[in-house]
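Notes follow the structure.
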There are 2 protein chains.
Amino acid sequence: MNPDISRERENASFNPEILTNILDGGAEKTRRRREIESLVIGDPDFQHEDLNFLSRSERYDAAVRKSAQMILKLREYGISDPEEIYSYKSIVKGVYQEPFGVHFVMFIPTLNSQCTAEQHKKWIPLAESFRMLGTYAQTELGHGTHIRGLETTATYDPSTQEFVLNSPTISSIKWWPGGLGKTSNHAIVLAQLYTQGKCHGLHAFITPIRCMKTHMPLPGVVVGDIGPKFGFDEVDNGYLKLENVRIPRENMLMKYAKVEPDGTYVKPPSDKLTYGTMVFIRSMIVGESARALSKSCTIAIRYSAVRHQSELRPGEPEPQILDYQAQQYKLFPLLATAYAFHFVGQYMSKTYHRISGYINQGDFSELPELHALSAGLKAFTTWVANAGIELCRMSCGGHGYSRCSSLPDIYVTFTPTCTYEGENTVMMLQTARYLVKSYKQARAGQQLTGTVSYLNEPQSRIQPLSVSSQPTVVNINDLASLVEAYKFRASKLVEMASKNLQAELQHSKSNEDAWNNNSIDLVRASDAHCHYVFFKTYSDKIMCVKHGDTAVHSVLSTLALLYALHGVALNSGDFLQAGLFTVPQLAQISQRLKGLLSELRPNAVALVDAFDYRDEMLNSALGRYDGNVYEHMFEWAKRSPLNHTEVHESHHKYLKPLQSKL
Amino acid sequence: MNPDISRERENASFNPEILTNILDGGAEKTRRRREIESLVIGDPDFQHEDLNFLSRSERYDAAVRKSAQMILKLREYGISDPEEIYSYKSIVKGVYQEPFGVHFVMFIPTLNSQCTAEQHKKWIPLAESFRMLGTYAQTELGHGTHIRGLETTATYDPSTQEFVLNSPTISSIKWWPGGLGKTSNHAIVLAQLYTQGKCHGLHAFITPIRCMKTHMPLPGVVVGDIGPKFGFDEVDNGYLKLENVRIPRENMLMKYAKVEPDGTYVKPPSDKLTYGTMVFIRSMIVGESARALSKSCTIAIRYSAVRHQSELRPGEPEPQILDYQAQQYKLFPLLATAYAFHFVGQYMSKTYHRISGYINQGDFSELPELHALSAGLKAFTTWVANAGIELCRMSCGGHGYSRCSSLPDIYVTFTPTCTYEGENTVMMLQTARYLVKSYKQARAGQQLTGTVSYLNEPQSRIQPLSVSSQPTVVNINDLASLVEAYKFRASKLVEMASKNLQAELQHSKSNEDAWNNNSIDLVRASDAHCHYVFFKTYSDKIMCVKHGDTAVHSVLSTLALLYALHGVALNSGDFLQAGLFTVPQLAQISQRLKGLLSELRPNAVALVDAFDYRDEMLNSALGRYDGNVYEHMFEWAKRSPLNHTEVHESHHKYLKPLQSKL
């Protein structure tokens, strides 16, 4: 054990195990999680060379092997609780992805939710025994988030009772679905349904794409891998071009909408029924943000505790880089954010389950709120985490750039969350639409509920106040008071965006033009709203962690205060414009921030230890628990493929001839 | 040609060729640059498969082949002007790096500047004929930017007149030098010189590491590749561990410091003599930022002109995504920044040559200014470009994540500039040291020159003013007036940091603690100073582009105004705190920004065309000149290594057995 990092642990003011239990939701959950982790980590079937040393094809091969093993092991151990399966899988995957991911996350759930009883009986056993390996083919070359624009067609032919599937244009080629390129033999294809000469919009069709015996592509099916990406190298994201592919009528998922044998189209009873999965995945992404950012913080903070560099005081030994204020200012606000993500992720998961309970009982009243919340928080948290991971990487200096740090892998695996399941700017604008609507309702005297209820609060309190007349209402050491400040900022920006929109309507040709011409303000309002909801949720959670342990409560409160004040400093223009702080108060906040960094300094390593990532899960030479960084970097480097031979063949092929020619 | 992109070009208000000539520095330079580009692009010897389809070893192999070809071609064509060589090489490299890079950029220049006449005669012919292939081994596992902490030792043994080189600890292993792992047979090793029992600090030693005949590592030399990184996969960044490696006394570079045969150490006449290279490379990095960001903008803006998505007005066709204000707000400020980088890069290059002229004549008076300027601007521009590339990538939605966009490659190749040649935060703090010193001198009545001369301006003008009493001094449509605003902001923040530092000194144990406890303020002051210098330089350049062409002048002015106002909006807290703008003015700026986006919209494609990157240099399916994006994505994907067989072997190895077990 590196003595620096031991000393850090000795000096912490609290017991990280208590915090770990809070994060897990109880000591028993911590115990069970660790038990599951040990099953994977001790299992020789899951040992493999670092994927970074392998070619694309080898990476895919290793990933398929692990996925296949995992399925057998889960059955062997009898792990069936969805949360435990999720946990087991995330340990197997590490920072990587699996080619079967879409089969589990989209293919089977879609079958479960959209099959008729008869279809269920036919397809589910095939899918669960992996005879049928499926993917979910929605996005096309030409369309992503805007799914109404998809161009693939499914035209019903009553003479044979078949649908004829086609990719009528280059841009209609299905593109991106995970597991589509090489792994799957079936795809749920989203296509525009045509019957009796009329288009009825998007519907889902179970489409065989490869032979279940030979795995060769079926006639009319052009399928393959879309090529290397920034990350996800172990997954065969694929393309699919359909040329008059005929499937039986029964392959349309018909729980809601139907096509009868003669071609008569039967509408679904409600268009809200397929809302669920998308909202669910967006809600889960907050938890993904928590994991990605807390892993990154663990690596950067542990490394900063053992890395010594430069000179603080003449003649003294080089200090740990964690002692530099500039380094603390990069990492501690991110650490506070990672904790926030954990708590808000738990809240999102609970909220989703609560509201989807109502929805299953036919009560859709909270769906708009849930939709706006999940869209906005998905965008808010993924943007923050995305930038945060890179900040962690760069805070490790050059070594963060090595794949041995694991930080490049965490980044490239995480960054698609800003785009998939709804592009972030589009998500922010969807939330803005809800905010503007709510603002209008509030102005019309309607009583709002949920996260937007603050828009009902008296106008006068959210009017711009000249800075000089503004009393010092915000207590910069009080979380509840700061929550109010974030609320008023959001309120002010929603009001401003709504008013600008109203003003624009007098010049614009249409509502749509006015909307577009105010997108900057709308995104900004949405962001401030999410920031408020996020911080309020975090703060509520901190306040209810009583737990009897004052040391833990104290460190969590310090983190939350740092989060809040750092956010004010970063967005000081908004807060000044809203008249919420005076210029001297902002100077006080700057000073208080420095104080908070010093207060957190002795607990930084213990705070990342509490995330409780085992070395095997971090896979980072820089983030090791024992702090023995350099030794492990050297050992890792020796395994580089370029070191398999002492003299690379290019020396003989190109350098010797070059020397002889000069 | 895609009709959308043709229409964009028809609708531009100016002729991009004129702007290209301005960027190149004249029509003749444009002509010659294009001539050189054609030499590479038409050359079958430089054709190769997309590196993204290759394994690490194949990528390295391809890179060595290209480097060797390039050397022969440069001689064949008689290209010897350094600028033209640079230009030729950057076309060959594309967005990638070359294993010989350090040989050209560090090894030969260091020999040239630090060899005695005798050494020069011996080594230069070997280096220029590539019998000697060299690298520059400075950084170690334990030390990067803080080079005084390097631990490698060179101990002089007078009995044999040799230096004995050692890596005494794990952390002293040389780490990162490009071309060290497999390519080089010599390294200039930076080591602590010991002679006659005394350490004389860092000196440079020519150290043979591999046999010049067999290329095998020499006795006592442990050398290899440090393993895969975020990018630079085609380069063999290496490690080097030295175990009692003996080299002749004559292998120490002795132009300045010397060790005599008996071991007597002779000091160099000045410690400023080796300053030059570092400052030179930092100055050049501004130009690298320009290239990386302008390529990214070219890709994102051309793609946004041909990508149609969603619905602006009901019933109308899907608009180009470039018509969305939110997309314009992401891309146009970056476009303005890319132009700024080009102009400021030219300025830095000229300033470097001017000041280094003085230095060569023994006049070091402007060295501190040059050092502070190059350190700060290096950090300022690389951070901005780094974030900007990722913003461009994400503005392309999912397709930006594909390697076919080239944006991931641009990012991973560029991002190390934030760390190498001086870690950015350390650079900002070095500039801050110069600012604080200058501030004190100004307060003491000393007349300052250069970029900091504004610190001499009357105190009263930079006092905080209460917002209500502040007259509307800044004209938000006037570049010169905005330059003043950026200047006052910088002045205010330098003053605040200096005062906080002064106040802290009353509590802190030492100057060093006080410095560390104010790092946040110091970095912020430095950043504001660089922002001012950067914008002033940009604005000066725009104002002197008279050129007779009003259309070009007009579009450049609009870009510069957008740059300035966007910067005010992003940093509105600073400007409000400094009392430079009122709250209503900020609302005006928001509205003006929206207007500027609309004004630039018709010229966006022409503005990126003017950067004049040929398709072969962008290597991006999304950024193609002809706009035929989807066709080329599909063609590219078909070449993915996973598509070499229809059925991947993992299917037979793992999936068939799995199915049989369930």
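A note on labels: chains of the structure tokens are A, B, ... as shown, every chain counts residues from 1, and ligands are counted from 1 in their shown order.
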Need the shell around B:Glu37: protein/DNA/RNA residues with any atom at most 10 Å away, counting only C-alpha atoms. Skip same-chain ones fewer than 6 positions apart. Format as a PDB file with N, CA, C and O atoms, in the first residue's frame?
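For reference, result.pdb as written:
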```pdb
ATOM      1  N   ARG B  31      -1.727  29.439 -54.134  1.00  0.00           N
ATOM      2  CA  ARG B  31      -1.400  28.641 -55.312  1.00  0.00           C
ATOM      3  C   ARG B  31      -0.354  27.583 -54.974  1.00  0.00           C
ATOM      4  O   ARG B  31      -0.500  26.395 -55.267  1.00  0.00           O
ATOM      5  N   ASP B  43      -0.546  11.170 -55.202  1.00  0.00           N
ATOM      6  CA  ASP B  43       0.581  10.235 -55.168  1.00  0.00           C
ATOM      7  C   ASP B  43       0.137   8.845 -54.713  1.00  0.00           C
ATOM      8  O   ASP B  43      -0.295   8.666 -53.577  1.00  0.00           O
ATOM      9  N   SER B  87       4.057  22.177 -44.467  1.00  0.00           N
ATOM     10  CA  SER B  87       2.810  22.058 -45.186  1.00  0.00           C
ATOM     11  C   SER B  87       2.688  20.676 -45.837  1.00  0.00           C
ATOM     12  O   SER B  87       1.659  19.997 -45.722  1.00  0.00           O
ATOM     13  N   TYR B  88       3.758  20.239 -46.490  1.00  0.00           N
ATOM     14  CA  TYR B  88       3.763  18.922 -47.130  1.00  0.00           C
ATOM     15  C   TYR B  88       3.486  17.823 -46.103  1.00  0.00           C
ATOM     16  O   TYR B  88       2.666  16.933 -46.309  1.00  0.00           O
ATOM     17  N   LYS B  89       4.195  17.931 -44.968  1.00  0.00           N
ATOM     18  CA  LYS B  89       4.042  16.904 -43.938  1.00  0.00           C
ATOM     19  C   LYS B  89       2.634  16.872 -43.377  1.00  0.00           C
ATOM     20  O   LYS B  89       2.086  15.806 -43.108  1.00  0.00           O
ATOM     21  N   SER B  90       2.053  18.046 -43.169  1.00  0.00           N
ATOM     22  CA  SER B  90       0.731  18.016 -42.544  1.00  0.00           C
ATOM     23  C   SER B  90      -0.309  17.405 -43.480  1.00  0.00           C
ATOM     24  O   SER B  90      -1.281  16.816 -43.020  1.00  0.00           O
ATOM     25  N   ILE B  91      -0.072  17.501 -44.775  1.00  0.00           N
ATOM     26  CA  ILE B  91      -1.005  16.840 -45.703  1.00  0.00           C
ATOM     27  C   ILE B  91      -0.808  15.328 -45.651  1.00  0.00           C
ATOM     28  O   ILE B  91      -1.759  14.563 -45.637  1.00  0.00           O
ATOM     29  N   VAL B  92       0.454  14.902 -45.624  1.00  0.00           N
ATOM     30  CA  VAL B  92       0.715  13.467 -45.539  1.00  0.00           C
ATOM     31  C   VAL B  92       0.114  12.887 -44.261  1.00  0.00           C
ATOM     32  O   VAL B  92      -0.512  11.826 -44.271  1.00  0.00           O
ATOM     33  N   TYR B 613     -10.045  23.101 -47.129  1.00  0.00           N
ATOM     34  CA  TYR B 613      -9.542  21.752 -46.871  1.00  0.00           C
ATOM     35  C   TYR B 613     -10.080  20.808 -47.924  1.00  0.00           C
ATOM     36  O   TYR B 613     -11.297  20.677 -48.078  1.00  0.00           O
ATOM     37  N   ARG B 614      -9.211  20.157 -48.622  1.00  0.00           N
ATOM     38  CA  ARG B 614      -9.677  19.183 -49.605  1.00  0.00           C
ATOM     39  C   ARG B 614     -10.218  17.944 -48.889  1.00  0.00           C
ATOM     40  O   ARG B 614      -9.831  17.629 -47.768  1.00  0.00           O
ATOM     41  N   GLU B 616      -9.623  14.927 -49.153  1.00  0.00           N
ATOM     42  CA  GLU B 616      -8.589  13.976 -48.748  1.00  0.00           C
ATOM     43  C   GLU B 616      -7.957  14.389 -47.418  1.00  0.00           C
ATOM     44  O   GLU B 616      -7.416  13.558 -46.694  1.00  0.00           O
ATOM     45  N   MET B 617      -7.976  15.696 -47.120  1.00  0.00           N
ATOM     46  CA  MET B 617      -7.381  16.153 -45.871  1.00  0.00           C
ATOM     47  C   MET B 617      -8.358  16.058 -44.706  1.00  0.00           C
ATOM     48  O   MET B 617      -7.955  15.887 -43.568  1.00  0.00           O
TER      49      MET B 617
END
```
_Residues within 7 Å of stretch 475-483 of chain A, only C-alpha atoms, excluding chain neighbours under 2 positions, as number ranges by chain_ = A: 473, 485-487, 532, 535-536, 539, 561, 564
Can I get the selected residues back with N, CA, C and O atoms, as a CSV table (one decimal), in the first residue's frame?
```
chain,number,residue,atom,x,y,z
A,473,VAL,N,-31.3,38.3,0.9
A,473,VAL,CA,-32.2,37.3,1.4
A,473,VAL,C,-31.5,35.9,1.4
A,473,VAL,O,-32.0,35.0,2.1
A,485,ALA,N,-32.8,30.3,-4.1
A,485,ALA,CA,-32.1,31.1,-5.1
A,485,ALA,C,-32.1,30.4,-6.5
A,485,ALA,O,-32.4,31.0,-7.5
A,486,TYR,N,-31.9,29.1,-6.5
A,486,TYR,CA,-31.9,28.4,-7.8
A,486,TYR,C,-33.3,28.4,-8.4
A,486,TYR,O,-33.5,28.5,-9.6
A,487,LYS,N,-34.3,28.3,-7.5
A,487,LYS,CA,-35.7,28.4,-7.9
A,487,LYS,C,-36.0,29.7,-8.6
A,487,LYS,O,-36.6,29.7,-9.7
A,532,TYR,N,-32.3,23.6,-10.9
A,532,TYR,CA,-33.0,23.8,-9.7
A,532,TYR,C,-33.6,22.4,-9.2
A,532,TYR,O,-33.4,22.1,-8.0
A,535,PHE,N,-30.8,20.2,-7.9
A,535,PHE,CA,-30.2,20.6,-6.7
A,535,PHE,C,-31.2,20.4,-5.5
A,535,PHE,O,-30.9,20.0,-4.4
A,536,LYS,N,-32.5,20.7,-5.8
A,536,LYS,CA,-33.5,20.6,-4.7
A,536,LYS,C,-33.6,19.1,-4.3
A,536,LYS,O,-33.6,18.8,-3.1
A,539,SER,N,-30.5,18.2,-2.3
A,539,SER,CA,-30.6,18.9,-1.0
A,539,SER,C,-31.6,18.2,-0.1
A,539,SER,O,-31.3,17.9,1.1
A,561,LEU,N,-23.1,21.9,-0.2
A,561,LEU,CA,-22.9,23.4,-0.2
A,561,LEU,C,-21.9,23.7,-1.3
A,561,LEU,O,-22.1,24.7,-2.0
A,564,ALA,N,-23.6,23.7,-4.6
A,564,ALA,CA,-24.5,24.9,-4.8
A,564,ALA,C,-23.7,26.1,-5.1
A,564,ALA,O,-24.0,26.9,-6.0
```
Need to verify the contact set: A:Asp45, 10 Å, only C-alpha atoms, exclusion of same-chain residues closer than 2 positions in sequence. Can you return it as a PDB file with N, CA and C atoms, in the first residue's frame?
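As written to disk, out34.pdb reads:
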```pdb
ATOM      1  N   VAL A  40     -18.302 -12.632 -10.053  1.00  0.00           N
ATOM      2  CA  VAL A  40     -17.734 -12.305 -11.372  1.00  0.00           C
ATOM      3  C   VAL A  40     -16.214 -12.209 -11.285  1.00  0.00           C
ATOM      4  N   ILE A  41     -15.750 -11.461 -10.295  1.00  0.00           N
ATOM      5  CA  ILE A  41     -14.323 -11.137 -10.254  1.00  0.00           C
ATOM      6  C   ILE A  41     -13.465 -12.375 -10.012  1.00  0.00           C
ATOM      7  N   GLY A  42     -14.008 -13.320  -9.262  1.00  0.00           N
ATOM      8  CA  GLY A  42     -13.224 -14.525  -9.004  1.00  0.00           C
ATOM      9  C   GLY A  42     -13.380 -15.587 -10.082  1.00  0.00           C
ATOM     10  N   ASP A  43     -14.144 -15.300 -11.104  1.00  0.00           N
ATOM     11  CA  ASP A  43     -14.505 -16.329 -12.078  1.00  0.00           C
ATOM     12  C   ASP A  43     -13.495 -16.377 -13.229  1.00  0.00           C
ATOM     13  N   GLN A  47     -11.988 -13.945 -17.193  1.00  0.00           N
ATOM     14  CA  GLN A  47     -10.672 -13.334 -17.351  1.00  0.00           C
ATOM     15  C   GLN A  47     -10.376 -13.156 -18.838  1.00  0.00           C
ATOM     16  N   HIS A  48      -9.829 -12.039 -19.176  1.00  0.00           N
ATOM     17  CA  HIS A  48      -9.416 -11.839 -20.568  1.00  0.00           C
ATOM     18  C   HIS A  48      -8.390 -10.725 -20.614  1.00  0.00           C
ATOM     19  N   ARG A  65     -18.093 -13.850 -26.273  1.00  0.00           N
ATOM     20  CA  ARG A  65     -17.773 -14.948 -25.347  1.00  0.00           C
ATOM     21  C   ARG A  65     -18.273 -14.614 -23.937  1.00  0.00           C
ATOM     22  N   LYS A  66     -17.976 -13.388 -23.483  1.00  0.00           N
ATOM     23  CA  LYS A  66     -18.394 -13.004 -22.136  1.00  0.00           C
ATOM     24  C   LYS A  66     -19.921 -12.979 -22.007  1.00  0.00           C
ATOM     25  N   GLN A  69     -21.172 -16.519 -21.742  1.00  0.00           N
ATOM     26  CA  GLN A  69     -20.848 -17.030 -20.403  1.00  0.00           C
ATOM     27  C   GLN A  69     -21.822 -16.474 -19.370  1.00  0.00           C
ATOM     28  N   MET A  70     -22.070 -15.191 -19.470  1.00  0.00           N
ATOM     29  CA  MET A  70     -22.888 -14.505 -18.487  1.00  0.00           C
ATOM     30  C   MET A  70     -24.279 -15.101 -18.406  1.00  0.00           C
ATOM     31  N   LYS A  73     -24.099 -18.338 -16.575  1.00  0.00           N
ATOM     32  CA  LYS A  73     -23.804 -18.157 -15.149  1.00  0.00           C
ATOM     33  C   LYS A  73     -25.025 -17.659 -14.379  1.00  0.00           C
TER      34      LYS A  73
END
```
*Identify all residues of stretch 46-289 of chain A in strand (DSSP E) (DSSP on the backbone) and supply them as a PyMOL selection string.*
chain A and resi 134-137+153-157+162-166+174-175+186-195+198-208+221-225+238-242+245-248+258-259+265-266
_List the spatial neighbours of B:Thr139 as a VMD selection string - criterion: any atom at most 10 Å away, only C-alpha atoms, same-chain residues fewer than 3 positions off excluded._
(chain A and resid 398) or (chain B and resid 136 142 to 147 149 to 152 172 to 177 189 to 190 239)
*Counting only C-alpha atoms, what is within 10 Å of A:Ile226, bar same-chain residues fewer than 2 positions away, as a PyMOL selection string?*
(chain A and resi 175-177+180-181+223-224+228-229+236-240) or (chain B and resi 402-404+633-643)
*asked:* Residues of stretch 431-522 of chain A classed as alpha helix (DSSP H) by DSSP on the backbone are to be reported as JSON, numbers by chain.
replied: {"A": [431, 432, 433, 434, 435, 436, 437, 438, 439, 440, 441, 442, 443, 479, 480, 481, 482, 483, 484, 485, 486, 487, 488, 489, 490, 491, 492, 493, 494, 495, 496, 497, 498, 499, 500, 501, 502, 503, 504, 505, 511, 512, 513, 514, 515, 516, 519, 520, 521, 522]}
Selected residues, C-alpha atoms, written as a short mmCIF file (atom, residue, chain, number, x, y, z; two decimals), in the first residue's frame, please.
```cif
data_model
loop_
_atom_site.label_atom_id
_atom_site.label_comp_id
_atom_site.auth_asym_id
_atom_site.auth_seq_id
_atom_site.Cartn_x
_atom_site.Cartn_y
_atom_site.Cartn_z
CA THR A 431 -38.75 20.35 -21.41
CA ALA A 432 -38.92 24.03 -22.39
CA ARG A 433 -42.21 23.39 -24.16
CA TYR A 434 -43.64 22.04 -20.92
CA LEU A 435 -42.23 24.99 -18.98
CA VAL A 436 -43.68 27.60 -21.32
CA LYS A 437 -47.05 25.88 -21.26
CA SER A 438 -46.94 25.69 -17.47
CA TYR A 439 -45.94 29.34 -17.27
CA LYS A 440 -48.95 30.33 -19.35
CA GLN A 441 -51.24 28.19 -17.19
CA ALA A 442 -49.85 29.79 -14.05
CA ARG A 443 -50.38 33.28 -15.48
CA LEU A 479 -28.94 24.75 1.58
CA ALA A 480 -32.65 25.59 1.81
CA SER A 481 -31.95 29.23 1.13
CA LEU A 482 -29.76 28.32 -1.86
CA VAL A 483 -32.48 26.06 -3.22
CA GLU A 484 -34.72 29.12 -3.19
CA ALA A 485 -32.10 31.07 -5.11
CA TYR A 486 -31.90 28.38 -7.80
CA LYS A 487 -35.69 28.35 -7.93
CA PHE A 488 -35.91 32.09 -8.50
CA ARG A 489 -33.23 31.96 -11.14
CA ALA A 490 -35.19 29.27 -12.99
CA SER A 491 -38.38 31.22 -12.56
CA LYS A 492 -36.78 34.35 -13.93
CA LEU A 493 -35.37 32.58 -16.99
CA VAL A 494 -38.63 30.77 -17.75
CA GLU A 495 -40.41 34.09 -17.52
CA MET A 496 -37.86 35.79 -19.77
CA ALA A 497 -38.01 33.05 -22.40
CA SER A 498 -41.81 33.09 -22.34
CA LYS A 499 -41.94 36.85 -22.70
CA ASN A 500 -39.39 36.87 -25.52
CA LEU A 501 -41.43 34.20 -27.24
CA GLN A 502 -44.54 36.33 -26.87
CA ALA A 503 -42.76 39.39 -28.24
CA GLU A 504 -41.37 37.41 -31.16
CA LEU A 505 -44.83 36.23 -32.10
CA ASN A 511 -45.57 29.98 -33.73
CA GLU A 512 -42.89 27.65 -35.05
CA ASP A 513 -40.66 30.46 -36.27
CA ALA A 514 -41.07 32.29 -32.99
CA TRP A 515 -40.14 29.14 -31.14
CA ASN A 516 -37.04 28.60 -33.26
CA SER A 519 -34.33 28.50 -28.82
CA ILE A 520 -31.27 29.91 -27.07
CA ASP A 521 -33.41 31.41 -24.30
CA LEU A 522 -35.57 28.29 -24.12
#
```
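Candidate residues B:Asp50, B:Glu98, B:Glu599, B:Glu140 were compared for distance to B:Ser67, and the nearest is B:Glu98, using only C-alpha atoms.
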*Check the smallest atom-to-atom distance from each of A:Ile124, A:Leu662, A:Leu600, A:Leu331 to chain B using only C-alpha atoms, then report the winner.*
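Nearest to chain B: A:Leu662.
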*What gap, in Å, lies between atom CA of B:Arg249 and atom CA of B:Gln119?*
11.4 Å
*What lies within 9 Å of A:Ala621 using only C-alpha atoms, ignoring chain neighbours under 4 positions off, as a list in words?*
Ile299, Cys404, Ser405, Ser406, Asp615, Gly627, Asn628, Val629, Tyr630, Glu631, His632, Met633 and Trp636 of chain A
File dump, residues just selected, N, CA, C and O atoms, as a PDB file, in the first residue's frame:
```pdb
ATOM      1  N   ILE A 299     -10.742   7.593  -9.846  1.00  0.00           N
ATOM      2  CA  ILE A 299      -9.433   7.483 -10.487  1.00  0.00           C
ATOM      3  C   ILE A 299      -8.625   8.770 -10.298  1.00  0.00           C
ATOM      4  O   ILE A 299      -7.471   8.744  -9.849  1.00  0.00           O
ATOM      5  N   CYS A 404      -4.326   3.017 -20.058  1.00  0.00           N
ATOM      6  CA  CYS A 404      -4.195   2.332 -18.775  1.00  0.00           C
ATOM      7  C   CYS A 404      -4.903   3.090 -17.661  1.00  0.00           C
ATOM      8  O   CYS A 404      -5.141   2.535 -16.597  1.00  0.00           O
ATOM      9  N   SER A 405      -5.256   4.352 -17.908  1.00  0.00           N
ATOM     10  CA  SER A 405      -5.977   5.110 -16.880  1.00  0.00           C
ATOM     11  C   SER A 405      -7.455   4.730 -16.839  1.00  0.00           C
ATOM     12  O   SER A 405      -8.137   4.997 -15.873  1.00  0.00           O
ATOM     13  N   SER A 406      -7.913   4.138 -17.927  1.00  0.00           N
ATOM     14  CA  SER A 406      -9.324   3.781 -18.132  1.00  0.00           C
ATOM     15  C   SER A 406     -10.198   4.999 -18.437  1.00  0.00           C
ATOM     16  O   SER A 406     -11.339   4.849 -18.865  1.00  0.00           O
ATOM     17  N   ASP A 615     -10.919  -2.688  -7.782  1.00  0.00           N
ATOM     18  CA  ASP A 615      -9.924  -2.434  -8.838  1.00  0.00           C
ATOM     19  C   ASP A 615     -10.314  -3.093 -10.155  1.00  0.00           C
ATOM     20  O   ASP A 615     -10.115  -2.520 -11.234  1.00  0.00           O
ATOM     21  N   GLY A 627      -2.798   2.485  -4.572  1.00  0.00           N
ATOM     22  CA  GLY A 627      -1.997   3.656  -4.946  1.00  0.00           C
ATOM     23  C   GLY A 627      -0.673   3.354  -5.624  1.00  0.00           C
ATOM     24  O   GLY A 627       0.101   4.274  -5.895  1.00  0.00           O
ATOM     25  N   ASN A 628      -0.409   2.091  -5.934  1.00  0.00           N
ATOM     26  CA  ASN A 628       0.883   1.756  -6.558  1.00  0.00           C
ATOM     27  C   ASN A 628       0.796   1.935  -8.080  1.00  0.00           C
ATOM     28  O   ASN A 628       0.795   0.978  -8.851  1.00  0.00           O
ATOM     29  N   VAL A 629       0.770   3.170  -8.462  1.00  0.00           N
ATOM     30  CA  VAL A 629       0.455   3.544  -9.828  1.00  0.00           C
ATOM     31  C   VAL A 629       1.557   3.196 -10.820  1.00  0.00           C
ATOM     32  O   VAL A 629       1.329   2.516 -11.829  1.00  0.00           O
ATOM     33  N   TYR A 630       2.770   3.669 -10.550  1.00  0.00           N
ATOM     34  CA  TYR A 630       3.830   3.572 -11.565  1.00  0.00           C
ATOM     35  C   TYR A 630       4.219   2.134 -11.853  1.00  0.00           C
ATOM     36  O   TYR A 630       4.436   1.762 -13.007  1.00  0.00           O
ATOM     37  N   GLU A 631       4.285   1.316 -10.814  1.00  0.00           N
ATOM     38  CA  GLU A 631       4.621  -0.093 -11.013  1.00  0.00           C
ATOM     39  C   GLU A 631       3.623  -0.737 -11.980  1.00  0.00           C
ATOM     40  O   GLU A 631       3.998  -1.490 -12.879  1.00  0.00           O
ATOM     41  N   HIS A 632       2.347  -0.427 -11.762  1.00  0.00           N
ATOM     42  CA  HIS A 632       1.336  -1.084 -12.587  1.00  0.00           C
ATOM     43  C   HIS A 632       1.253  -0.510 -13.994  1.00  0.00           C
ATOM     44  O   HIS A 632       0.898  -1.213 -14.935  1.00  0.00           O
ATOM     45  N   MET A 633       1.604   0.748 -14.128  1.00  0.00           N
ATOM     46  CA  MET A 633       1.676   1.299 -15.492  1.00  0.00           C
ATOM     47  C   MET A 633       2.760   0.576 -16.282  1.00  0.00           C
ATOM     48  O   MET A 633       2.580   0.241 -17.456  1.00  0.00           O
ATOM     49  N   TRP A 636       1.701  -2.968 -17.169  1.00  0.00           N
ATOM     50  CA  TRP A 636       0.676  -2.911 -18.211  1.00  0.00           C
ATOM     51  C   TRP A 636       1.312  -2.637 -19.576  1.00  0.00           C
ATOM     52  O   TRP A 636       1.011  -3.301 -20.570  1.00  0.00           O
TER      53      TRP A 636
END
```
_Please list as a list in words every residue within 12 Å of B:Asn15, counting only C-alpha atoms and excluding residues in the same chain fewer than 2 positions away._
Arg9, Glu10, Asn11, Ala12, Ser13, Glu17, Ile18, Leu19, Thr20, Asn21, Ile22, Asp549, Thr550, Ala551, Val552, His553, Val555, Asn603, Val605, Ala606, Leu607, Val608, Asp609 and Ala610 of chain B
*Between A:Gln446, A:Thr214, A:Thr277, A:Ser374, single out the one closest to A:Val105, counting only C-alpha atoms.*
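Nearest candidate to A:Val105 out of A:Gln446, A:Thr214, A:Thr277, A:Ser374: A:Thr277.
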*For chain B, which residue out of A:Met252, A:Leu565, A:Leu111, A:Leu593 is the nearest one, using only C-alpha atoms?*
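The answer is A:Leu593, which sits nearest to chain B.
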